[in-house]
>>> print(open('target_29.txt').read())   # compact mmCIF, C-alpha atoms
# COMPACT_ATOMS: atom_id res chain seq x y z
CA MET A 24 17.58 9.08 194.70
CA LYS A 25 18.21 8.88 190.98
CA ASP A 26 14.46 9.00 190.20
CA ASN A 27 13.97 12.32 192.03
CA ARG A 28 16.68 13.98 190.00
CA LYS A 29 15.22 12.72 186.75
CA ARG A 30 11.73 14.04 187.54
CA THR A 31 12.99 17.60 188.08
CA ASP A 32 15.00 17.53 184.84
CA ASP A 33 11.95 16.52 182.75
CA PHE A 34 10.17 19.86 183.22
CA ILE A 35 9.96 21.86 179.99
CA ASP A 36 8.41 25.34 179.89
CA ASP A 37 6.08 25.58 176.91
CA GLY A 38 5.20 29.26 177.49
CA ARG A 39 1.49 28.83 178.25
CA VAL A 40 -0.10 31.19 180.74
CA ILE A 41 -2.03 29.26 183.40
CA ALA A 42 -3.04 32.20 185.61
CA ASP A 43 -2.78 35.90 184.88
CA MET A 44 -0.54 37.44 187.56
CA ASN A 45 -1.19 41.07 186.60
CA VAL A 46 -2.59 42.64 189.77
CA ASP A 47 -3.66 46.29 190.00
CA GLY A 48 -1.19 48.30 192.06
CA MET A 49 1.77 45.94 191.59
CA PRO A 50 4.64 46.83 189.27
CA GLN A 51 4.94 44.88 186.05
CA SER A 52 7.76 42.42 185.55
CA ILE A 53 10.92 43.82 184.03
CA PHE A 54 11.31 40.64 181.97
CA ARG A 55 8.98 40.39 179.01
CA ARG A 56 8.61 37.13 177.16
CA PHE A 57 6.33 38.38 174.41
CA SER A 58 3.30 40.59 174.21
CA LEU A 59 0.10 38.76 175.05
CA ASN A 60 -3.22 40.08 176.20
CA ASN A 61 -5.17 38.57 179.12
CA PHE A 62 -6.58 35.77 176.98
CA GLY A 63 -3.24 34.44 175.71
CA THR A 64 -3.46 35.80 172.17
CA ARG A 65 -0.95 38.17 170.68
CA LYS A 66 -1.72 41.88 170.93
CA GLU A 67 -2.17 43.89 167.78
CA LYS A 68 0.17 46.82 167.42
CA SER A 69 -1.56 50.11 168.11
CA ASP A 70 -1.25 52.99 165.72
CA THR A 71 1.37 55.47 166.81
CA MET A 72 0.55 59.14 166.59
CA LYS A 73 2.56 61.21 164.16
CA LEU A 74 3.31 64.64 165.59
CA SER A 75 4.45 67.55 163.54
CA LYS A 76 7.60 69.46 164.40
CA LYS A 77 5.56 72.34 165.80
CA GLU A 78 3.54 70.02 168.07
CA ARG A 79 6.68 68.28 169.36
CA ARG A 80 8.30 71.65 170.10
CA SER A 81 5.23 72.89 171.98
CA ILE A 82 5.08 69.68 174.06
CA PHE A 83 8.77 70.01 174.88
CA LEU A 84 8.38 73.67 175.89
CA ALA A 85 5.33 72.86 178.05
CA VAL A 86 7.23 70.11 179.88
CA ALA A 87 10.27 72.36 180.34
CA ALA A 88 8.07 75.17 181.67
CA SER A 89 6.38 72.84 184.15
CA TYR A 90 9.78 71.65 185.43
CA LEU A 91 10.94 75.26 185.67
CA VAL A 92 7.87 76.26 187.70
CA PHE A 93 8.33 73.25 189.98
CA GLY A 94 12.01 74.11 190.50
CA VAL A 95 11.24 77.75 191.30
CA VAL A 96 8.61 76.69 193.85
CA VAL A 97 10.92 74.15 195.53
CA PHE A 98 13.88 76.52 195.72
CA GLY A 99 11.59 79.38 196.80
CA VAL A 100 10.23 77.33 199.69
CA TYR A 101 13.79 76.31 200.60
CA GLY A 102 14.87 79.96 200.54
CA LEU A 103 11.93 81.01 202.70
CA PHE A 104 12.82 78.25 205.16
CA ILE A 105 16.41 79.51 205.36
CA LEU A 106 15.18 83.08 205.92
CA PHE A 107 12.81 81.87 208.63
CA CYS A 108 15.60 79.94 210.33
CA THR A 109 18.09 82.83 210.29
CA ASN A 110 15.68 85.64 211.20
CA VAL A 111 13.16 84.00 213.56
CA TRP A 112 14.11 80.57 214.78
CA PHE A 113 17.81 81.06 215.62
CA LYS A 114 17.40 84.49 217.30
>>> encode(input="target_29.txt", output="structure tokens")
Amino acid sequence: MKDNRKRTDDFIDDGRVIADMNVDGMPQSIFRRFSLNNFGTRKEKSDTMKLSKKERRSIFLAVAASYLVFGVVVFGVYGLFILFCTNVWFK
């Protein structure tokens, strides 16, 4: 009995990757140990893009406009459904 307990306590995680568990279509783990590529070497940091103030503003306005269009479409369909229900379906 004492030997079984000792064998489980001897395990030490050295951080090596034996098999890559990244599968297409599955979400990534929320816990990150450190950044490694598929071959076990550290990834090089990619260059980040520097955007000017005008470019950032135009991206923000484009995203806001797309959300606004989406909201108008959703609420418009909801309004048409309410009109259909009150004028046609419930009569």
>>> atom_distance(input="target_29.txt", atom1="CA of Val97 (chain A)", atom2="CA of Ile82 (chain A)")
22.7 Å
>>> atom_distance(input="target_29.txt", atom1="CA of Lys114 (chain A)", atom2="CA of Tyr101 (chain A)")
18.9 Å
>>> atom_distance(input="target_29.txt", atom1="CA of Gly94 (chain A)", atom2="CA of Gly48 (chain A)")
29.0 Å
